[in-house]
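Asks: Quick one, upload-v7.cif (mmCIF, C-alpha atoms and all ligand atoms; chains and numbers go by the auth columns):
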data_my_file
#
loop_
_atom_site.group_PDB
_atom_site.id
_atom_site.type_symbol
_atom_site.label_atom_id
_atom_site.label_comp_id
_atom_site.label_asym_id
_atom_site.label_seq_id
_atom_site.Cartn_x
_atom_site.Cartn_y
_atom_site.Cartn_z
_atom_site.B_iso_or_equiv
_atom_site.auth_seq_id
_atom_site.auth_asym_id
ATOM 1 C CA MET A 1 -8.563 5.332 -23.149 0.00 731 A
ATOM 2 C CA ARG A 2 -4.974 6.347 -22.747 0.00 732 A
ATOM 3 C CA LEU A 3 -4.201 6.632 -19.060 0.00 733 A
ATOM 4 C CA ASN A 4 -1.577 9.105 -17.918 0.00 734 A
ATOM 5 C CA VAL A 5 -0.566 8.888 -14.308 0.00 735 A
ATOM 6 C CA THR A 6 2.463 9.764 -12.215 0.00 736 A
ATOM 7 C CA VAL A 7 3.636 6.725 -10.298 0.00 737 A
ATOM 8 C CA ASN A 8 6.436 6.931 -7.748 0.00 738 A
ATOM 9 C CA GLY A 9 7.564 10.236 -9.255 0.00 739 A
ATOM 10 C CA GLU A 10 7.632 8.965 -12.825 0.00 740 A
ATOM 11 C CA ALA A 11 5.186 9.941 -15.594 0.00 741 A
ATOM 12 C CA MET A 12 3.655 6.720 -16.922 0.00 742 A
ATOM 13 C CA SER A 13 0.999 5.933 -19.474 0.00 743 A
ATOM 14 C CA ALA A 14 -0.925 2.911 -20.671 0.00 744 A
ATOM 15 C CA ASP A 15 -3.000 2.498 -23.826 0.00 745 A
ATOM 16 C CA ASP A 16 -6.265 0.657 -24.415 0.00 746 A
ATOM 17 C CA VAL A 17 -7.240 0.956 -20.769 0.00 747 A
ATOM 18 C CA TRP A 18 -10.913 0.382 -19.971 0.00 748 A
ATOM 19 C CA GLU A 19 -11.852 3.227 -17.682 0.00 749 A
ATOM 20 C CA GLY A 20 -13.771 0.841 -15.432 0.00 750 A
ATOM 21 C CA GLU A 21 -10.845 -1.448 -14.715 0.00 751 A
ATOM 22 C CA SER A 22 -9.202 -0.962 -11.365 0.00 752 A
ATOM 23 C CA LEU A 23 -6.142 1.092 -10.612 0.00 753 A
ATOM 24 C CA LEU A 24 -4.815 -2.084 -8.989 0.00 754 A
ATOM 25 C CA TYR A 25 -5.093 -3.941 -12.310 0.00 755 A
ATOM 26 C CA VAL A 26 -3.387 -1.059 -14.129 0.00 756 A
ATOM 27 C CA LEU A 27 -0.502 -0.988 -11.660 0.00 757 A
ATOM 28 C CA ARG A 28 0.046 -4.744 -11.596 0.00 758 A
ATOM 29 C CA GLU A 29 -0.796 -5.834 -15.122 0.00 759 A
ATOM 30 C CA ARG A 30 -0.068 -2.797 -17.280 0.00 760 A
ATOM 31 C CA LEU A 31 2.670 -0.880 -15.479 0.00 761 A
ATOM 32 C CA GLY A 32 4.651 -3.807 -14.057 0.00 762 A
ATOM 33 C CA LEU A 33 4.277 -2.842 -10.403 0.00 763 A
ATOM 34 C CA PRO A 34 3.172 -5.970 -8.514 0.00 764 A
ATOM 35 C CA GLY A 35 3.825 -4.591 -5.014 0.00 765 A
ATOM 36 C CA ALA A 36 0.169 -3.828 -4.252 0.00 766 A
ATOM 37 C CA LYS A 37 -1.559 -7.176 -3.836 0.00 767 A
ATOM 38 C CA ASN A 38 -4.942 -8.391 -4.993 0.00 768 A
ATOM 39 C CA ALA A 39 -6.456 -10.414 -2.175 0.00 769 A
ATOM 40 C CA CYS A 40 -10.174 -9.590 -2.134 0.00 770 A
ATOM 41 C CA GLU A 41 -10.793 -7.013 -4.873 0.00 771 A
ATOM 42 C CA GLN A 42 -13.678 -5.711 -2.773 0.00 772 A
ATOM 43 C CA GLY A 43 -12.146 -3.074 -0.555 0.00 773 A
ATOM 44 C CA GLU A 44 -12.171 -5.382 2.461 0.00 774 A
ATOM 45 C CA CYS A 45 -8.570 -6.390 3.112 0.00 775 A
ATOM 46 C CA GLY A 46 -6.256 -3.427 2.444 0.00 776 A
ATOM 47 C CA SER A 47 -3.608 -5.529 0.690 0.00 777 A
ATOM 48 C CA CYS A 48 -3.833 -3.210 -2.332 0.00 778 A
ATOM 49 C CA THR A 49 -3.279 0.034 -0.384 0.00 779 A
ATOM 50 C CA VAL A 50 -1.465 2.785 -2.307 0.00 780 A
ATOM 51 C CA TYR A 51 -1.311 6.545 -1.975 0.00 781 A
ATOM 52 C CA LEU A 52 -3.491 8.487 -4.424 0.00 782 A
ATOM 53 C CA ASP A 53 -2.647 12.187 -4.324 0.00 783 A
ATOM 54 C CA GLY A 54 -1.146 11.579 -0.888 0.00 784 A
ATOM 55 C CA THR A 55 -4.114 9.731 0.610 0.00 785 A
ATOM 56 C CA PRO A 56 -4.070 5.958 1.206 0.00 786 A
ATOM 57 C CA VAL A 57 -6.745 4.204 -0.838 0.00 787 A
ATOM 58 C CA CYS A 58 -7.665 0.658 -1.799 0.00 788 A
ATOM 59 C CA ALA A 59 -6.427 0.544 -5.389 0.00 789 A
ATOM 60 C CA CYS A 60 -8.969 -2.185 -6.173 0.00 790 A
ATOM 61 C CA LEU A 61 -11.769 0.315 -5.567 0.00 791 A
ATOM 62 C CA VAL A 62 -10.355 3.116 -7.737 0.00 792 A
ATOM 63 C CA ALA A 63 -11.394 2.989 -11.377 0.00 793 A
ATOM 64 C CA ALA A 64 -8.631 3.652 -13.884 0.00 794 A
ATOM 65 C CA GLY A 65 -10.587 6.622 -15.229 0.00 795 A
ATOM 66 C CA GLN A 66 -10.555 8.197 -11.770 0.00 796 A
ATOM 67 C CA ALA A 67 -6.754 8.008 -11.669 0.00 797 A
ATOM 68 C CA GLN A 68 -6.292 10.048 -14.863 0.00 798 A
ATOM 69 C CA GLY A 69 -3.669 12.752 -14.315 0.00 799 A
ATOM 70 C CA ARG A 70 -3.220 11.940 -10.653 0.00 800 A
ATOM 71 C CA VAL A 71 -0.255 11.015 -8.482 0.00 801 A
ATOM 72 C CA VAL A 72 0.159 7.470 -7.171 0.00 802 A
ATOM 73 C CA ARG A 73 2.744 6.170 -4.762 0.00 803 A
ATOM 74 C CA THR A 74 3.053 2.445 -4.281 0.00 804 A
ATOM 75 C CA VAL A 75 5.066 0.334 -1.869 0.00 805 A
ATOM 76 C CA GLU A 76 7.793 0.210 -4.528 0.00 806 A
ATOM 77 C CA GLY A 77 8.025 3.995 -4.198 0.00 807 A
ATOM 78 C CA LEU A 78 8.856 3.666 -0.510 0.00 808 A
ATOM 79 C CA ALA A 79 11.928 1.581 -1.308 0.00 809 A
ATOM 80 C CA PRO A 80 13.660 3.312 -4.218 0.00 810 A
ATOM 81 C CA GLY A 81 16.594 1.375 -5.591 0.00 811 A
ATOM 82 C CA GLY A 82 15.385 -1.712 -3.776 0.00 812 A
ATOM 83 C CA GLU A 83 16.716 -0.535 -0.413 0.00 813 A
ATOM 84 C CA LEU A 84 14.229 -1.428 2.263 0.00 814 A
ATOM 85 C CA HIS A 85 12.414 1.387 4.014 0.00 815 A
ATOM 86 C CA PRO A 86 12.929 1.435 7.816 0.00 816 A
ATOM 87 C CA ILE A 87 9.316 0.290 8.223 0.00 817 A
ATOM 88 C CA GLN A 88 10.010 -2.732 6.025 0.00 818 A
ATOM 89 C CA GLN A 89 13.161 -3.478 8.011 0.00 819 A
ATOM 90 C CA ALA A 90 11.154 -3.256 11.233 0.00 820 A
ATOM 91 C CA PHE A 91 8.562 -5.706 9.893 0.00 821 A
ATOM 92 C CA LEU A 92 11.295 -8.199 9.088 0.00 822 A
ATOM 93 C CA GLN A 93 13.040 -7.711 12.406 0.00 823 A
ATOM 94 C CA ALA A 94 9.841 -8.056 14.442 0.00 824 A
ATOM 95 C CA GLY A 95 8.736 -11.183 12.580 0.00 825 A
ATOM 96 C CA ALA A 96 5.633 -9.406 11.268 0.00 826 A
ATOM 97 C CA VAL A 97 5.789 -11.111 7.864 0.00 827 A
ATOM 98 C CA GLN A 98 4.578 -14.656 7.306 0.00 828 A
ATOM 99 C CA CYS A 99 2.997 -15.307 3.891 0.00 829 A
ATOM 100 C CA GLY A 100 3.561 -11.616 3.166 0.00 830 A
ATOM 101 C CA PHE A 101 0.390 -11.076 1.181 0.00 831 A
ATOM 102 C CA CYS A 102 -0.886 -8.349 3.511 0.00 832 A
ATOM 103 C CA THR A 103 2.530 -6.778 4.025 0.00 833 A
ATOM 104 C CA PRO A 104 2.775 -4.233 1.164 0.00 834 A
ATOM 105 C CA GLY A 105 -0.589 -2.728 2.081 0.00 835 A
ATOM 106 C CA LEU A 106 0.370 -2.644 5.743 0.00 836 A
ATOM 107 C CA ILE A 107 3.661 -0.935 4.943 0.00 837 A
ATOM 108 C CA VAL A 108 1.856 1.866 3.099 0.00 838 A
ATOM 109 C CA ALA A 109 -0.742 2.184 5.878 0.00 839 A
ATOM 110 C CA VAL A 110 1.955 2.296 8.570 0.00 840 A
ATOM 111 C CA HIS A 111 3.916 4.834 6.532 0.00 841 A
ATOM 112 C CA ASP A 112 0.856 7.064 6.461 0.00 842 A
ATOM 113 C CA LEU A 113 0.234 6.547 10.187 0.00 843 A
ATOM 114 C CA LEU A 114 3.790 7.489 11.157 0.00 844 A
ATOM 115 C CA GLU A 115 3.681 10.571 8.934 0.00 845 A
ATOM 116 C CA ARG A 116 0.650 11.729 10.928 0.00 846 A
ATOM 117 C CA HIS A 117 1.595 10.258 14.343 0.00 847 A
ATOM 118 C CA PRO A 118 5.350 9.739 14.737 0.00 848 A
ATOM 119 C CA ASP A 119 4.800 8.213 18.195 0.00 849 A
ATOM 120 C CA PRO A 120 1.448 6.435 18.009 0.00 850 A
ATOM 121 C CA ALA A 121 -0.305 4.833 20.975 0.00 851 A
ATOM 122 C CA ASP A 122 -1.555 1.246 20.622 0.00 852 A
ATOM 123 C CA ALA A 123 -5.067 2.532 20.005 0.00 853 A
ATOM 124 C CA ASP A 124 -3.814 4.787 17.188 0.00 854 A
ATOM 125 C CA ILE A 125 -2.050 1.849 15.557 0.00 855 A
ATOM 126 C CA ARG A 126 -5.042 -0.449 15.839 0.00 856 A
ATOM 127 C CA GLU A 127 -7.365 2.190 14.430 0.00 857 A
ATOM 128 C CA ALA A 128 -5.028 3.084 11.569 0.00 858 A
ATOM 129 C CA LEU A 129 -4.603 -0.559 10.567 0.00 859 A
ATOM 130 C CA ALA A 130 -8.227 -1.594 11.072 0.00 860 A
ATOM 131 C CA GLY A 131 -8.697 -1.844 7.306 0.00 861 A
ATOM 132 C CA ASN A 132 -5.682 -4.092 6.751 0.00 862 A
ATOM 133 C CA LEU A 133 -6.415 -7.763 7.335 0.00 863 A
ATOM 134 C CA CYS A 134 -3.717 -10.305 8.097 0.00 864 A
ATOM 135 C CA ARG A 135 -4.621 -13.978 8.153 0.00 865 A
ATOM 136 C CA CYS A 136 -1.297 -15.190 9.523 0.00 866 A
ATOM 137 C CA THR A 137 0.385 -13.188 12.236 0.00 867 A
ATOM 138 C CA GLY A 138 -2.302 -12.539 14.841 0.00 868 A
ATOM 139 C CA TYR A 139 -1.338 -8.841 14.655 0.00 869 A
ATOM 140 C CA GLU A 140 0.882 -8.767 17.764 0.00 870 A
ATOM 141 C CA HIS A 141 4.081 -8.856 15.710 0.00 871 A
ATOM 142 C CA ILE A 142 2.685 -6.178 13.423 0.00 872 A
ATOM 143 C CA LEU A 143 2.035 -3.968 16.453 0.00 873 A
ATOM 144 C CA ALA A 144 5.606 -4.594 17.606 0.00 874 A
ATOM 145 C CA ALA A 145 6.945 -3.744 14.156 0.00 875 A
ATOM 146 C CA VAL A 146 5.103 -0.420 14.087 0.00 876 A
ATOM 147 C CA LYS A 147 6.515 0.496 17.512 0.00 877 A
ATOM 148 C CA LEU A 148 9.996 -0.518 16.375 0.00 878 A
ATOM 149 C CA ALA A 149 9.681 1.633 13.252 0.00 879 A
ATOM 150 C CA ALA A 150 8.316 4.565 15.246 0.00 880 A
ATOM 151 C CA GLY A 151 11.214 4.321 17.680 0.00 881 A
ATOM 152 C CA ARG A 152 13.626 4.776 14.813 0.00 882 A
HETATM 153 S S1 LIG B . -7.639 -6.280 -2.736 0.00 1 B
HETATM 154 FE FE1 LIG B . -8.228 -4.233 -2.427 0.00 1 B
HETATM 155 S S2 LIG B . -9.016 -4.198 -0.417 0.00 1 B
HETATM 156 FE FE2 LIG B . -8.571 -6.296 -0.778 0.00 1 B
HETATM 157 S S1 LIG B . 1.390 -12.389 6.718 0.00 2 B
HETATM 158 FE FE1 LIG B . -0.050 -13.648 5.672 0.00 2 B
HETATM 159 S S2 LIG B . -1.835 -12.420 5.537 0.00 2 B
HETATM 160 FE FE2 LIG B . -0.473 -11.272 6.756 0.00 2 B
#
In structure tokens, write the structure found in this file.
Ligand code: FES
Ligand code: FES
Replies:
Amino acid sequence: MRLNVTVNGEAMSADDVWEGESLLYVLRERLGLPGAKNACEQGECGSCTVYLDGTPVCACLVAAGQAQGRVVRTVEGLAPGGELHPIQQAFLQAGAVQCGFCTPGLIVAVHDLLERHPDPADADIREALAGNLCRCTGYEHILAAVKLAAGR
């Protein structure tokens, strides 16, 4: 199939797409957007989180055919021109990035959280990020980064 999708405000298309392949594969391997990471490919870790029509989803669980004609926003779309988003700056400043594999998914999830709750309580943050696993940081620095970003 030919897949037509709007990604980060730009109309994009890819040919010879199998409709059962994942949106994550399409983004990374066909459209040259490696921001969303493939860590589990089973919907367990959140490292592949992107917006689909404004809702955060695990891109590894969305079939390419389901994305036809829809609007995707990836972590690259939060930092147009390569300038870091304030949430990304906060993650760096708070030391919330170690290997960085979970970070793009967390950035999208935190972006969504702060859109809904500009001043989230700890419980809000923990609930919002429950689907994003980090094997390195122990989460305390991530919590601090979210508070730092919210404060700005
Ligand atoms: S790679 Fe999609 S949830 Fe882990
Ligand atoms: S920084 Fe390594 S998994 Fe989160």
Asks: Under the rule of at most 8 Å, produce a per-residue listing of chain A near ligand LIG 1 (chain B): chain, number, name, the closest pair of atoms, and the distance in Å, as CSV, using all atoms listed in the file.
Replies:
residue,atom,partner,partner_atom,distance
A:Leu754,CA,B:LIG1,FE1,7.7
A:Lys767,CA,B:LIG1,S1,6.2
A:Asn768,CA,B:LIG1,S1,4.1
A:Ala769,CA,B:LIG1,S1,4.3
A:Cys770,CA,B:LIG1,FE2,3.9
A:Glu771,CA,B:LIG1,S1,3.9
A:Gln772,CA,B:LIG1,S2,5.4
A:Gly773,CA,B:LIG1,S2,3.3
A:Glu774,CA,B:LIG1,S2,4.4
A:Cys775,CA,B:LIG1,FE2,3.9
A:Gly776,CA,B:LIG1,S2,4.0
A:Ser777,CA,B:LIG1,FE2,5.2
A:Cys778,CA,B:LIG1,FE1,4.5
A:Thr779,CA,B:LIG1,FE1,6.8
A:Cys788,CA,B:LIG1,FE1,5.0
A:Ala789,CA,B:LIG1,FE1,5.9
A:Cys790,CA,B:LIG1,FE1,4.3
A:Leu791,CA,B:LIG1,FE1,6.6
A:Asn862,CA,B:LIG1,S2,7.9
Asks: Taking all atoms listed in the file into account, which residues have an atom no farther than 8 Å from ligand LIG 2 (chain B)? I'd like them as a PyMOL selection string.
Replies: chain A and resi 826-833+863-867
Asks: What does the PyMOL selection byres (((chain A and resi 733-737) around 7) and not hetatm) select in this file, as a PyMOL selection string?
Replies: chain A and resi 731-732+738-745+747+797-803
Asks: For region 869-878 of chain A, work out the shell of residues within 12 Å, counting all atoms listed in the file and skipping chain neighbours fewer than 2 positions away, then give it as a count of residues only.
Replies: 48
Asks: Return as a list in words the set of residues that the PyMOL selection byres (((chain A and resi 765) around 8) and not hetatm) yields on the displayed structure.
Replies: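 Evaluating the PyMOL selection byres (((chain A and resi 765) around 8) and not hetatm) on these coordinates yields Arg758, Leu763, Pro764, Ala766, Lys767, Thr804, Val805, Glu806 and Pro834 of chain A.
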Asks: What does the distance from CA of Asp783 (chain A) to CA of Gly812 (chain A) come to in Å, to one decimal?
Replies: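 CA of Asp783 (chain A) sits 22.8 Å away from CA of Gly812 (chain A).
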Asks: Translate the PyMOL selection byres (((chain A and resi 749) around 7) and not hetatm) into a concrete residue list for this structure, as a list in words.
Replies: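 Taken over the shown coordinates, the PyMOL selection byres (((chain A and resi 749) around 7) and not hetatm) returns Met731, Val747, Trp748, Gly750, Glu751, Ala793, Ala794 and Gly795 of chain A.
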Asks: What is the CA of Leu782 (chain A)-CA of Gly868 (chain A) distance in Å, reported with one decimal?
Replies: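 CA of Gly868 (chain A) lies at a distance of 28.5 Å from CA of Leu782 (chain A).
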